[in-house]
Each structure stands twice: as structure tokens, then as C-alpha cells.
file work23.csv (CSV, C-alpha atoms)
chain,number,residue,atom,x,y,z
A,1,MET,CA,-5.2,157.9,59.0
A,2,SER,CA,-4.5,159.9,62.2
A,3,SER,CA,-1.6,159.0,64.5
A,4,SER,CA,-2.1,157.5,67.9
A,5,GLY,CA,-0.8,160.8,69.4
A,6,ASP,CA,-3.4,162.8,67.6
A,7,ARG,CA,-6.1,160.4,68.6
A,8,LYS,CA,-5.1,160.7,72.3
A,9,ALA,CA,-5.1,164.5,72.0
A,10,ALA,CA,-8.5,164.4,70.3
A,11,ILE,CA,-10.0,162.2,73.1
A,12,LYS,CA,-8.5,164.5,75.7
A,13,LYS,CA,-10.2,167.5,74.1
A,14,LEU,CA,-13.6,165.8,73.4
A,15,LYS,CA,-13.8,164.6,77.0
A,16,LYS,CA,-14.5,168.3,77.9
A,17,LEU,CA,-17.9,167.8,76.2
A,18,MET,CA,-18.9,165.2,78.8
A,19,PHE,CA,-20.5,166.2,82.1
A,20,THR,CA,-19.5,163.9,85.0
A,21,PRO,CA,-20.7,163.7,88.6
A,22,LYS,CA,-17.2,164.9,89.7
A,23,ILE,CA,-17.4,168.3,88.0
A,24,GLU,CA,-19.5,171.3,89.1
A,25,VAL,CA,-22.0,172.7,86.6
A,26,LYS,CA,-20.3,176.1,86.5
A,27,ALA,CA,-16.9,174.6,85.9
A,28,PHE,CA,-18.2,172.3,83.2
A,29,ARG,CA,-19.7,175.3,81.3
A,30,GLU,CA,-16.6,177.4,81.6
A,31,THR,CA,-14.4,174.5,80.4
A,32,MET,CA,-16.5,174.0,77.3
A,33,ASP,CA,-16.4,177.7,76.4
A,34,THR,CA,-12.6,177.8,77.0
A,35,THR,CA,-11.9,174.6,75.1
A,36,PHE,CA,-14.1,175.0,72.1
A,37,GLY,CA,-14.7,178.7,71.8
A,38,ASN,CA,-12.4,180.9,69.7
A,39,VAL,CA,-12.5,184.6,68.7
A,40,PHE,CA,-11.2,183.7,65.2
A,41,LEU,CA,-13.7,181.9,63.0
A,42,PRO,CA,-12.6,179.7,60.0
A,43,ASN,CA,-13.1,180.4,56.3
A,44,ASP,CA,-13.8,184.2,56.8
A,45,VAL,CA,-17.2,183.4,58.3
A,46,ASP,CA,-18.6,186.4,60.2
A,47,TYR,CA,-21.2,186.4,62.9
A,48,SER,CA,-23.7,188.7,64.6
A,49,VAL,CA,-25.8,188.3,67.7
A,50,VAL,CA,-29.6,188.5,67.0
A,51,ASP,CA,-32.5,188.3,69.4
A,52,TYR,CA,-35.1,185.8,68.2
A,53,ALA,CA,-38.2,185.8,70.4
A,54,GLY,CA,-36.2,186.9,73.4
A,55,VAL,CA,-33.5,184.3,72.9
A,56,SER,CA,-30.0,185.4,72.1
A,57,CYS,CA,-28.6,183.7,69.0
A,58,ASP,CA,-25.5,183.7,66.9
A,59,VAL,CA,-26.1,184.2,63.2
A,60,LEU,CA,-23.1,182.9,61.2
A,61,ASN,CA,-22.7,184.1,57.6
A,62,PRO,CA,-20.2,182.4,55.3
A,63,VAL,CA,-18.8,184.3,52.4
A,64,VAL,CA,-21.0,182.4,49.9
A,65,TYR,CA,-24.3,181.1,51.0
A,66,SER,CA,-27.7,180.2,49.6
A,67,SER,CA,-30.5,182.7,50.3
A,68,GLY,CA,-33.0,179.9,50.2
A,69,ARG,CA,-31.7,177.8,53.1
A,70,VAL,CA,-30.9,178.4,56.8
A,71,LEU,CA,-29.4,176.0,59.4
A,72,LEU,CA,-30.8,175.9,62.9
A,73,TYR,CA,-28.1,174.3,65.1
A,74,ILE,CA,-29.1,173.0,68.5
A,75,HIS,CA,-26.0,172.4,70.6
A,76,GLY,CA,-25.2,169.6,72.9
A,77,GLY,CA,-23.6,169.7,76.3
A,78,CYS,CA,-25.5,167.0,78.3
A,79,PHE,CA,-28.5,169.4,78.8
A,80,ILE,CA,-26.3,171.2,81.4
A,81,GLY,CA,-23.7,173.1,79.3
A,82,GLY,CA,-22.8,174.3,75.9
A,83,SER,CA,-23.4,177.8,74.4
A,84,LYS,CA,-23.3,179.7,71.2
A,85,LYS,CA,-19.7,180.8,72.1
A,86,ALA,CA,-18.5,177.2,72.6
A,87,TYR,CA,-20.0,176.1,69.3
A,88,ARG,CA,-19.3,179.2,67.2
A,89,PRO,CA,-16.1,177.8,65.4
A,90,PHE,CA,-17.6,174.4,64.7
A,91,VAL,CA,-20.9,175.8,63.3
A,92,ALA,CA,-19.0,178.3,61.3
A,93,SER,CA,-17.2,175.4,59.6
A,94,LEU,CA,-20.5,173.8,58.9
A,95,ALA,CA,-22.1,176.9,57.5
A,96,HIS,CA,-19.1,177.3,55.2
A,97,THR,CA,-19.3,173.7,54.0
A,98,ILE,CA,-23.1,173.6,53.4
A,99,PHE,CA,-23.2,177.2,52.0
A,100,CYS,CA,-25.9,178.6,54.2
A,101,ARG,CA,-26.5,180.9,57.2
A,102,ALA,CA,-26.6,179.2,60.6
A,103,VAL,CA,-28.5,180.2,63.7
A,104,VAL,CA,-27.3,179.0,67.1
A,105,PRO,CA,-29.6,179.7,70.1
A,106,ASP,CA,-28.4,180.2,73.7
A,107,PHE,CA,-31.3,178.4,75.2
A,108,LYS,CA,-31.9,177.8,78.9
A,109,LEU,CA,-30.0,175.0,80.5
A,110,ALA,CA,-30.6,172.6,83.4
A,111,PRO,CA,-30.5,172.3,86.3
A,112,THR,CA,-31.6,175.9,86.9
A,113,PHE,CA,-34.2,175.5,84.0
A,114,GLN,CA,-35.5,172.0,83.7
A,115,PHE,CA,-37.6,170.5,80.9
A,116,PRO,CA,-39.4,172.0,79.0
A,117,ALA,CA,-37.6,175.4,79.4
A,118,SER,CA,-35.0,174.6,76.7
A,119,LEU,CA,-37.5,173.2,74.3
A,120,ASP,CA,-39.8,176.3,74.8
A,121,ASP,CA,-36.8,178.6,73.9
A,122,ILE,CA,-36.0,176.5,70.8
A,123,GLN,CA,-39.7,176.5,69.7
A,124,ALA,CA,-39.8,180.3,70.0
A,125,VAL,CA,-36.6,180.7,68.0
A,126,PHE,CA,-37.9,178.3,65.3
A,127,ARG,CA,-41.2,180.2,64.9
A,128,ALA,CA,-39.4,183.6,64.7
A,129,LEU,CA,-36.9,182.2,62.2
A,130,TYR,CA,-39.7,180.6,60.1
A,131,THR,CA,-41.5,184.0,59.9
A,132,GLU,CA,-38.3,185.8,58.9
A,133,GLU,CA,-37.7,183.2,56.2
A,134,VAL,CA,-41.3,183.5,54.9
A,135,VAL,CA,-40.9,187.2,54.5
A,136,ALA,CA,-37.5,186.8,52.9
A,137,CYS,CA,-38.8,184.3,50.4
A,138,SER,CA,-41.8,186.5,49.5
A,139,LEU,CA,-39.5,189.4,48.8
A,140,ASP,CA,-37.0,187.3,46.9
A,141,ASN,CA,-39.8,185.9,44.7
A,142,TYR,CA,-41.7,189.2,44.2
A,143,ASN,CA,-43.2,189.3,40.7
A,144,ARG,CA,-42.2,185.6,40.1
A,145,SER,CA,-44.8,183.0,39.2
A,146,GLN,CA,-43.1,180.2,41.2
A,147,LYS,CA,-43.5,180.5,44.9
A,148,LYS,CA,-40.6,179.3,47.1
A,149,ASP,CA,-41.2,178.1,50.7
A,150,PRO,CA,-38.7,178.4,53.5
A,151,GLU,CA,-36.1,175.7,53.7
A,152,ILE,CA,-34.8,175.0,57.2
A,153,VAL,CA,-32.2,172.4,58.1
A,154,ILE,CA,-32.1,171.4,61.7
A,155,MET,CA,-28.9,170.0,63.1
A,156,ALA,CA,-27.9,168.9,66.5
A,157,ASP,CA,-25.3,166.9,68.5
A,158,GLY,CA,-25.5,164.9,71.7
A,159,SER,CA,-28.2,166.0,74.0
A,160,GLY,CA,-29.2,168.6,71.5
A,161,ALA,CA,-30.5,165.9,69.3
A,162,SER,CA,-33.2,165.1,71.9
A,163,LEU,CA,-34.2,168.8,71.8
A,164,ALA,CA,-34.1,168.9,68.0
A,165,LEU,CA,-36.4,165.9,67.6
A,166,ALA,CA,-38.7,167.2,70.3
A,167,LEU,CA,-38.9,170.4,68.3
A,168,VAL,CA,-39.9,168.6,65.1
A,169,LEU,CA,-42.3,166.3,66.9
A,170,SER,CA,-44.1,169.4,68.2
A,171,LEU,CA,-44.4,171.1,64.8
A,172,ARG,CA,-47.5,170.9,62.6
A,173,GLY,CA,-48.5,171.8,59.1
A,174,GLN,CA,-46.4,174.3,57.3
A,175,TYR,CA,-43.9,174.5,60.2
A,176,ARG,CA,-43.0,170.8,59.9
A,177,ASN,CA,-43.1,171.0,56.1
A,178,SER,CA,-40.4,173.7,56.1
A,179,VAL,CA,-37.9,171.4,57.8
A,180,LYS,CA,-36.1,169.8,54.8
A,181,LYS,CA,-33.6,167.7,56.7
A,182,ILE,CA,-32.6,166.7,60.2
A,183,ILE,CA,-28.9,166.0,60.8
A,184,LEU,CA,-27.8,164.4,64.1
A,185,ILE,CA,-24.3,163.9,65.4
A,186,SER,CA,-23.8,161.3,68.1
A,187,PRO,CA,-27.4,161.8,69.3
A,188,TRP,CA,-28.9,161.1,72.7
A,189,LEU,CA,-32.2,159.3,71.9
A,190,ASP,CA,-33.1,157.5,75.1
A,191,ILE,CA,-32.6,158.6,78.7
A,192,SER,CA,-35.5,156.6,80.1
A,193,GLN,CA,-35.1,154.3,83.1
A,194,ASN,CA,-34.7,151.2,80.9
A,195,ALA,CA,-32.4,152.8,78.3
A,196,TYR,CA,-30.0,150.4,76.7
A,197,CYS,CA,-27.0,152.4,77.8
A,198,PHE,CA,-27.8,151.8,81.4
A,199,SER,CA,-27.8,148.1,81.0
A,200,LYS,CA,-24.4,148.0,79.2
A,201,LYS,CA,-21.8,146.8,81.6
A,202,LYS,CA,-18.7,147.3,79.4
A,203,ALA,CA,-18.5,149.6,76.4
A,204,SER,CA,-15.9,150.5,73.8
A,205,ASP,CA,-16.8,154.2,74.1
A,206,GLU,CA,-13.8,156.2,75.0
A,207,LEU,CA,-15.7,159.3,76.1
A,208,ILE,CA,-19.2,158.9,77.3
A,209,THR,CA,-20.4,156.6,80.1
A,210,SER,CA,-23.8,155.5,81.4
A,211,GLU,CA,-23.0,157.5,84.6
A,212,CYS,CA,-22.6,160.7,82.6
A,213,ILE,CA,-26.0,160.2,80.9
A,214,LYS,CA,-27.7,159.2,84.1
A,215,ARG,CA,-26.5,162.3,86.0
A,216,ALA,CA,-27.4,164.6,83.2
A,217,ALA,CA,-30.9,163.0,82.9
A,218,GLU,CA,-31.5,163.5,86.6
A,219,LEU,CA,-30.7,167.2,86.3
A,220,TYR,CA,-32.8,167.6,83.2
A,221,THR,CA,-36.1,166.2,84.3
A,222,HIS,CA,-37.7,163.9,86.8
A,223,LYS,CA,-37.6,160.1,86.1
A,224,ASP,CA,-41.3,159.7,85.3
A,225,ASN,CA,-41.0,162.1,82.4
A,226,ARG,CA,-38.1,160.3,80.8
A,227,GLU,CA,-40.5,158.0,78.9
A,228,ASN,CA,-41.8,161.1,77.1
A,229,PRO,CA,-40.9,161.1,73.4
A,230,LEU,CA,-40.0,164.8,73.8
A,231,VAL,CA,-37.3,163.7,76.2
A,232,SER,CA,-36.5,160.2,74.9
A,233,PRO,CA,-37.3,160.3,71.1
A,234,LEU,CA,-36.7,156.5,70.9
A,235,LYS,CA,-40.1,156.2,72.7
A,236,VAL,CA,-41.9,157.9,69.8
A,237,LYS,CA,-45.2,156.4,68.5
A,238,LYS,CA,-45.8,155.8,64.8
A,239,GLU,CA,-48.5,158.4,64.4
A,240,GLN,CA,-46.1,161.1,65.7
A,241,ILE,CA,-43.7,160.5,62.9
A,242,GLU,CA,-45.9,160.4,59.9
A,243,ASN,CA,-44.4,162.5,57.0
A,244,PHE,CA,-41.3,163.1,59.1
A,245,PRO,CA,-38.4,165.0,57.5
A,246,GLU,CA,-35.5,163.0,56.2
A,247,VAL,CA,-33.0,162.2,59.0
A,248,PHE,CA,-29.2,161.8,58.6
A,249,ILE,CA,-27.3,160.4,61.6
A,250,GLN,CA,-23.5,160.5,61.8
A,251,MET,CA,-21.7,158.5,64.5
A,252,GLY,CA,-18.5,156.8,65.4
A,253,GLU,CA,-18.3,153.0,65.4
A,254,LYS,CA,-17.2,152.9,69.1
A,255,GLU,CA,-20.1,154.9,70.6
A,256,LEU,CA,-22.1,153.6,73.5
A,257,LEU,CA,-25.3,155.1,72.0
A,258,LEU,CA,-24.9,153.5,68.5
A,259,LYS,CA,-27.6,150.8,69.2
A,260,ASP,CA,-30.1,153.5,70.0
A,261,ALA,CA,-29.5,155.2,66.7
A,262,GLN,CA,-29.9,151.9,64.9
A,263,ASP,CA,-33.2,151.3,66.6
A,264,PHE,CA,-34.3,154.8,65.8
A,265,LYS,CA,-33.5,154.4,62.1
A,266,LYS,CA,-35.6,151.2,62.1
A,267,ILE,CA,-38.6,153.0,63.8
A,268,LEU,CA,-38.4,155.8,61.2
A,269,GLU,CA,-38.2,153.5,58.2
A,270,GLU,CA,-41.0,151.2,59.5
A,271,ALA,CA,-43.2,154.4,59.5
A,272,GLY,CA,-42.3,155.1,55.9
A,273,ASN,CA,-39.6,157.7,56.5
A,274,LYS,CA,-36.1,158.0,55.2
A,275,CYS,CA,-33.1,157.7,57.6
A,276,GLU,CA,-29.4,157.3,56.8
A,277,LEU,CA,-27.0,156.1,59.5
A,278,ASP,CA,-23.4,157.0,58.7
A,279,ILE,CA,-21.0,155.1,60.9
A,280,TRP,CA,-17.3,156.0,60.9
A,281,LYS,CA,-14.9,153.2,61.6
A,282,ASN,CA,-12.9,153.3,64.9
A,283,MET,CA,-14.2,156.8,65.7
A,284,MET,CA,-15.4,158.1,69.0
A,285,SER,CA,-18.4,160.3,70.0
A,286,MET,CA,-18.3,163.9,68.5
A,287,PHE,CA,-15.1,163.3,66.6
A,288,GLN,CA,-16.2,166.0,64.2
A,289,MET,CA,-15.2,168.6,66.8
A,290,ALA,CA,-11.5,167.5,66.9
A,291,ASP,CA,-10.6,168.7,63.4
A,292,GLU,CA,-7.1,169.8,64.5
A,293,TYR,CA,-6.2,166.2,65.3
A,294,LEU,CA,-8.3,164.0,63.1
A,295,ALA,CA,-8.5,163.9,59.3
A,296,GLU,CA,-11.8,162.1,59.7
A,297,SER,CA,-13.3,165.2,61.3
A,298,HIS,CA,-12.9,167.2,58.1
A,299,LEU,CA,-14.1,164.4,55.9
A,300,ALA,CA,-17.2,163.8,58.0
A,301,VAL,CA,-18.2,167.5,57.8
A,302,GLU,CA,-17.5,167.5,54.1
A,303,LYS,CA,-19.8,164.5,53.7
A,304,ILE,CA,-22.6,166.4,55.5
A,305,GLY,CA,-22.1,169.3,53.1
A,306,LYS,CA,-22.2,167.0,50.0
A,307,ILE,CA,-25.4,165.4,51.2
A,308,LEU,CA,-27.1,168.7,51.8
A,309,VAL,CA,-26.3,170.0,48.3
A,310,GLY,CA,-27.5,166.8,46.8
A,311,ARG,CA,-24.3,165.1,45.7
A,312,THR,CA,-24.0,161.4,46.2
A,313,VAL,CA,-21.0,160.5,48.4
A,314,THR,CA,-19.3,157.2,47.5
A,315,GLU,CA,-16.7,155.1,49.3
A,316,GLU,CA,-14.2,156.3,46.7
A,317,ASP,CA,-14.8,159.9,47.9
A,318,SER,CA,-13.9,158.9,51.4
A,319,VAL,CA,-10.7,157.1,50.4
A,320,LYS,CA,-9.6,160.0,48.2
A,321,GLY,CA,-10.4,162.5,50.9
A,322,ILE,CA,-8.4,160.7,53.5
A,323,GLN,CA,-5.4,160.5,51.1
A,324,LEU,CA,-5.7,164.2,50.5
A,325,GLU,CA,-5.7,165.0,54.2
A,326,LEU,CA,-2.6,162.8,54.7
A,327,GLU,CA,-0.8,164.6,51.8
A,328,LYS,CA,-1.7,168.0,53.3
A,329,SER,CA,-0.3,166.8,56.7
A,330,SER,CA,3.0,165.5,55.2
A,331,ASN,CA,3.5,168.7,53.2
A,332,SER,CA,3.1,170.9,56.3
A,333,ILE,CA,5.8,169.0,58.3
call {"tool": "encode", "arguments": {"input": "work23.csv", "output": "C-alpha cells"}}
result
Amino acid sequence: MSSSGDRKAAIKKLKKLMFTPKIEVKAFRETMDTTFGNVFLPNDVDYSVVDYAGVSCDVLNPVVYSSGRVLLYIHGGCFIGGSKKAYRPFVASLAHTIFCRAVVPDFKLAPTFQFPASLDDIQAVFRALYTEEVVACSLDNYNRSQKKDPEIVIMADGSGASLALALVLSLRGQYRNSVKKIILISPWLDISQNAYCFSKKKASDELITSECIKRAAELYTHKDNRENPLVSPLKVKKEQIENFPEVFIQMGEKELLLKDAQDFKKILEEAGNKCELDIWKNMMSMFQMADEYLAESHLAVEKIGKILVGRTVTEEDSVKGIQLELEKSSNSI
């Protein structure tokens, strides 16, 4: 596994993803861009900037990708920060691993633009992307007897998970049917007044605190609106999640918000939906974005890739993967 020094370095980096009352909004955004942005993208992934319904988006193209699938990635940043620039390297790695194009919107951020401004942007991007995919599928299947519908994967992390689920909850008919999978990393699922995280006095989480979530929630929307399932998905009603897409949640064992994810999984399953909760032992929130320090980061992203391409991932896969990462590390010394 990773050394204690690597772990400390990973935590130091990942703390830059967390908005605290002590930091100004502008400084928080700049720090995220500086810490996580990079002009060089991994695995020869290239990108272009495309306007979807008035929203500037990155479109990341791996060398090899399926023409029948596209990833819509909704970034985190405590509703306050985050950008396509900050997430470009991470989403490039994801696009390479799952063999598909990825679209990352630069949606409006609080506190200048409170709820539902960010959701409005994401809905507009989704509709434009869906239309583009319908056209592409019709051209790809011209003169073929079997019709192929758009296949959209929605992925999000942190506060972006609230927006991703709000998007799907707002979709109807063919729009919702086109969403083949929802993948959430360290999701924020409840920022209501009585959220579990606010009652937790002591937590093993090394990154996020209840104060961080509370301050972000205050800037995102007024307190009476935080019971809204489009803000706190854990408050969703059964009729809202009928025929919901499959959900895959990946989290660290030490996360403050793990109980919310467990409760959300139960809600989905009781409504007849599929949800898998993938918990990584001794890991912290958003550990996937510290791949230069943690072997587990690579393995977690690889697991997401295997799930999307339909391969079953076993415990033996994880053990072999960790051994391989350790061998790579020792050979490079």
C-alpha cells in the first residue's frame, strides 16, 4: 500500500478541494485551478472547448473511444468552486479508462449564482448533448435495421453529485432513458438542516468537516430550500425514483458522508432500483484525485472503467492491482 509520507501528501493536496469559512471564494477557486489543473493531459487525451446551449464545456477525446457512449462529468467544489480547467486531467484519465468522450461543463457557481442557476446550466447542456447524440446515432445507423439510442453516463463528485442527481430527477421519458449509469464519487446527498453530518460531533474524516458543508450550503441556497430533493437528494420520494438509472457510488471508509450514501442506497433499492456502494478501506474523500501519491487512486478509477465496460471486478482483481502498483513503484526507485 501507499507509504505514510504519500498519504500525508495526498491529504494535503485533497484539502484544496474543501471550502472553509477561513478562505475567500476567489482564492478557493484559484487554488483549485492551480493545484489540479495541468496543461499536459495523460494518455494522449486531447480536448477542445465547445459551447453547449451557451455553456462553455471541455470535450475530452481519448485515442480510442466508443462512438456509442458519452460521459457527462459534473464537477464538485462545494458549490462554490471547481472548473473544467481544474478537472481536465482527472476527467481525461477517466475518459481514457472508460473508452468514451467526456464533456465537462463550466456551470455557474454560488454565491454569485445561487440554486437553481447551476442546475439550469447542466440541464441545458444535457439537452444539447442528447440532441447531438441522437443525430450521431441516426447517422451511424443509417441503412441499418437495428436502431441505437444515445447512451449517456453521468458522473460527479462531491457537491456535483447533488447536481447530477437533481438533473436525473428532473428528466422525463427518453431523456431519462438515455442515462445508462450514474457514477458518484464521495457524494454530497444531504445539506438539510437536520443532516446527519451536522449532528456528528467527532468524525474520522481527514478532509471534510460539517462546518465546510454548512458554509457551502448557506452560500448555495436558503435554508428552507435545503429539504428540496433537487438540493438534498436523500430527501427524495419513492415516486421520483421509479425506473431510476443504475447508480454506482465510490467512497473511502473514513468519510463523514458515508452514512448518507448507505441510506441513499437503501432508498434506491427499496424503490426497486440498483445501487452499488464501493467502499475503499482506510481511504479519505476524493482519494481518486491523488493518483501521484496513492496506488488506490489508480485502482479505483480502473474499477469504474471495468464496471462500465461490463466486466465483473473481483476482490482478487483488487489485490493483483495493488501488487502491480507496488511493483511499478519499486522498479522506478
call {"tool": "residues_around", "arguments": {"input": "work23.csv", "residues": "segment 259-262 of chain A", "least_positions_apart": "6", "cutoff": "12 Å", "atoms": "only C-alpha atoms", "output": "JSON, numbers by chain"}}
result
{"A": [158, 161, 162, 184, 185, 186, 187, 188, 189, 190, 191, 192, 195, 196, 197, 198, 200, 203, 232, 233, 234, 235, 247, 248, 249, 250, 251, 252, 253, 268, 269, 275, 276, 277, 278, 279]}
call {"tool": "atom_distance", "arguments": {"input": "work23.csv", "atom1": "atom CA of Lys266 of chain A", "atom2": "atom CA of Ile304 of chain A"}}
result
21.1 Å
call {"tool": "atom_distance", "arguments": {"input": "work23.csv", "atom1": "atom CA of Val25 of chain A", "atom2": "atom CA of Lys12 of chain A"}}
result
19.2 Å
call {"tool": "closest_residue", "arguments": {"input": "work23.csv", "among": "A:Gly54, A:Ala9, A:Ala300, A:Phe19", "to": "Thr209 of chain A", "atoms": "only C-alpha atoms"}}
result
A:Phe19
call {"tool": "atom_distance", "arguments": {"input": "work23.csv", "atom1": "atom CA of Ile122 of chain A", "atom2": "atom CA of Val70 of chain A"}}
result
15.0 Å
call {"tool": "residues_near_point", "arguments": {"input": "work23.csv", "point": "(-42.4, 162.7, 67.7)", "cutoff": "8 Å", "atoms": "only C-alpha atoms", "output": "list in words"}}
result
Leu165, Ala166, Val168, Leu169, Ser170, Pro229, Leu230, Pro233, Val236, Lys237, Gln240 and Ile241 of chain A
call {"tool": "residues_around", "arguments": {"input": "work23.csv", "residues": "Ala10 of chain A", "least_positions_apart": "3", "cutoff": "12 Å", "atoms": "all atoms listed in the file", "output": "number ranges by chain"}}
result
A: 2-7, 13-17, 35, 206-207, 283-297
call {"tool": "residues_around", "arguments": {"input": "work23.csv", "residues": "Leu72 of chain A", "least_positions_apart": "6", "cutoff": "8 Å", "atoms": "all atoms listed in the file", "output": "ChimeraX atom specification"}}
result
/A:102-104,126,152-155
call {"tool": "build_atoms", "arguments": {"input": "work23.csv", "residues": "segment 243-267 of chain A", "atoms": "N, CA, C and O atoms", "output": "CSV table (one decimal), in the frame of the given file"}}
result
chain,number,residue,atom,x,y,z
A,243,ASN,N,-45.0,161.4,57.9
A,243,ASN,CA,-44.4,162.5,57.0
A,243,ASN,C,-43.3,163.2,57.8
A,243,ASN,O,-43.3,164.4,57.7
A,244,PHE,N,-42.5,162.5,58.4
A,244,PHE,CA,-41.3,163.1,59.1
A,244,PHE,C,-40.2,163.5,58.1
A,244,PHE,O,-40.1,162.8,57.1
A,245,PRO,N,-39.5,164.6,58.4
A,245,PRO,CA,-38.4,165.0,57.5
A,245,PRO,C,-37.3,163.9,57.4
A,245,PRO,O,-37.2,163.1,58.3
A,246,GLU,N,-36.6,163.9,56.4
A,246,GLU,CA,-35.5,163.0,56.2
A,246,GLU,C,-34.5,163.2,57.4
A,246,GLU,O,-34.2,164.3,57.7
A,247,VAL,N,-33.9,162.1,57.9
A,247,VAL,CA,-33.0,162.2,59.0
A,247,VAL,C,-31.6,161.6,58.5
A,247,VAL,O,-31.6,160.5,57.9
A,248,PHE,N,-30.5,162.3,58.9
A,248,PHE,CA,-29.2,161.8,58.6
A,248,PHE,C,-28.5,161.8,60.0
A,248,PHE,O,-28.4,162.8,60.6
A,249,ILE,N,-28.0,160.6,60.3
A,249,ILE,CA,-27.3,160.4,61.6
A,249,ILE,C,-25.8,160.1,61.4
A,249,ILE,O,-25.6,159.1,60.6
A,250,GLN,N,-24.9,160.8,62.0
A,250,GLN,CA,-23.5,160.5,61.8
A,250,GLN,C,-22.9,160.2,63.2
A,250,GLN,O,-23.0,161.0,64.1
A,251,MET,N,-22.2,159.0,63.3
A,251,MET,CA,-21.7,158.5,64.5
A,251,MET,C,-20.4,157.8,64.3
A,251,MET,O,-20.1,157.4,63.2
A,252,GLY,N,-19.7,157.6,65.4
A,252,GLY,CA,-18.5,156.8,65.4
A,252,GLY,C,-18.8,155.3,65.7
A,252,GLY,O,-19.8,155.1,66.4
A,253,GLU,N,-18.0,154.4,65.2
A,253,GLU,CA,-18.3,153.0,65.4
A,253,GLU,C,-18.2,152.6,66.9
A,253,GLU,O,-18.9,151.6,67.3
A,254,LYS,N,-17.5,153.3,67.7
A,254,LYS,CA,-17.2,152.9,69.1
A,254,LYS,C,-18.2,153.5,70.1
A,254,LYS,O,-18.0,153.4,71.3
A,255,GLU,N,-19.2,154.1,69.6
A,255,GLU,CA,-20.1,154.9,70.6
A,255,GLU,C,-21.0,154.0,71.4
A,255,GLU,O,-21.7,153.0,70.8
A,256,LEU,N,-21.2,154.3,72.6
A,256,LEU,CA,-22.1,153.6,73.5
A,256,LEU,C,-23.6,153.7,73.0
A,256,LEU,O,-24.4,152.8,73.2
A,257,LEU,N,-23.9,154.8,72.4
A,257,LEU,CA,-25.3,155.1,72.0
A,257,LEU,C,-25.6,154.7,70.5
A,257,LEU,O,-26.7,155.0,70.0
A,258,LEU,N,-24.7,153.9,69.9
A,258,LEU,CA,-24.9,153.5,68.5
A,258,LEU,C,-26.2,152.6,68.4
A,258,LEU,O,-26.9,152.8,67.4
A,259,LYS,N,-26.4,151.7,69.3
A,259,LYS,CA,-27.6,150.8,69.2
A,259,LYS,C,-28.9,151.6,69.2
A,259,LYS,O,-29.8,151.3,68.4
A,260,ASP,N,-28.9,152.7,70.0
A,260,ASP,CA,-30.1,153.5,70.0
A,260,ASP,C,-30.4,154.1,68.6
A,260,ASP,O,-31.5,154.2,68.2
A,261,ALA,N,-29.3,154.6,68.0
A,261,ALA,CA,-29.5,155.2,66.7
A,261,ALA,C,-29.9,154.1,65.6
A,261,ALA,O,-30.8,154.4,64.8
A,262,GLN,N,-29.4,152.9,65.7
A,262,GLN,CA,-29.9,151.9,64.9
A,262,GLN,C,-31.3,151.6,65.1
A,262,GLN,O,-32.1,151.4,64.1
A,263,ASP,N,-31.8,151.5,66.3
A,263,ASP,CA,-33.2,151.3,66.6
A,263,ASP,C,-34.1,152.4,66.1
A,263,ASP,O,-35.2,152.2,65.6
A,264,PHE,N,-33.6,153.7,66.3
A,264,PHE,CA,-34.3,154.8,65.8
A,264,PHE,C,-34.5,154.8,64.3
A,264,PHE,O,-35.6,155.1,63.8
A,265,LYS,N,-33.4,154.5,63.6
A,265,LYS,CA,-33.5,154.4,62.1
A,265,LYS,C,-34.6,153.3,61.7
A,265,LYS,O,-35.4,153.6,60.8
A,266,LYS,N,-34.6,152.2,62.4
A,266,LYS,CA,-35.6,151.2,62.1
A,266,LYS,C,-37.0,151.7,62.4
A,266,LYS,O,-37.9,151.5,61.5
A,267,ILE,N,-37.2,152.4,63.5
A,267,ILE,CA,-38.6,153.0,63.8
A,267,ILE,C,-39.0,153.9,62.7
A,267,ILE,O,-40.2,153.9,62.2
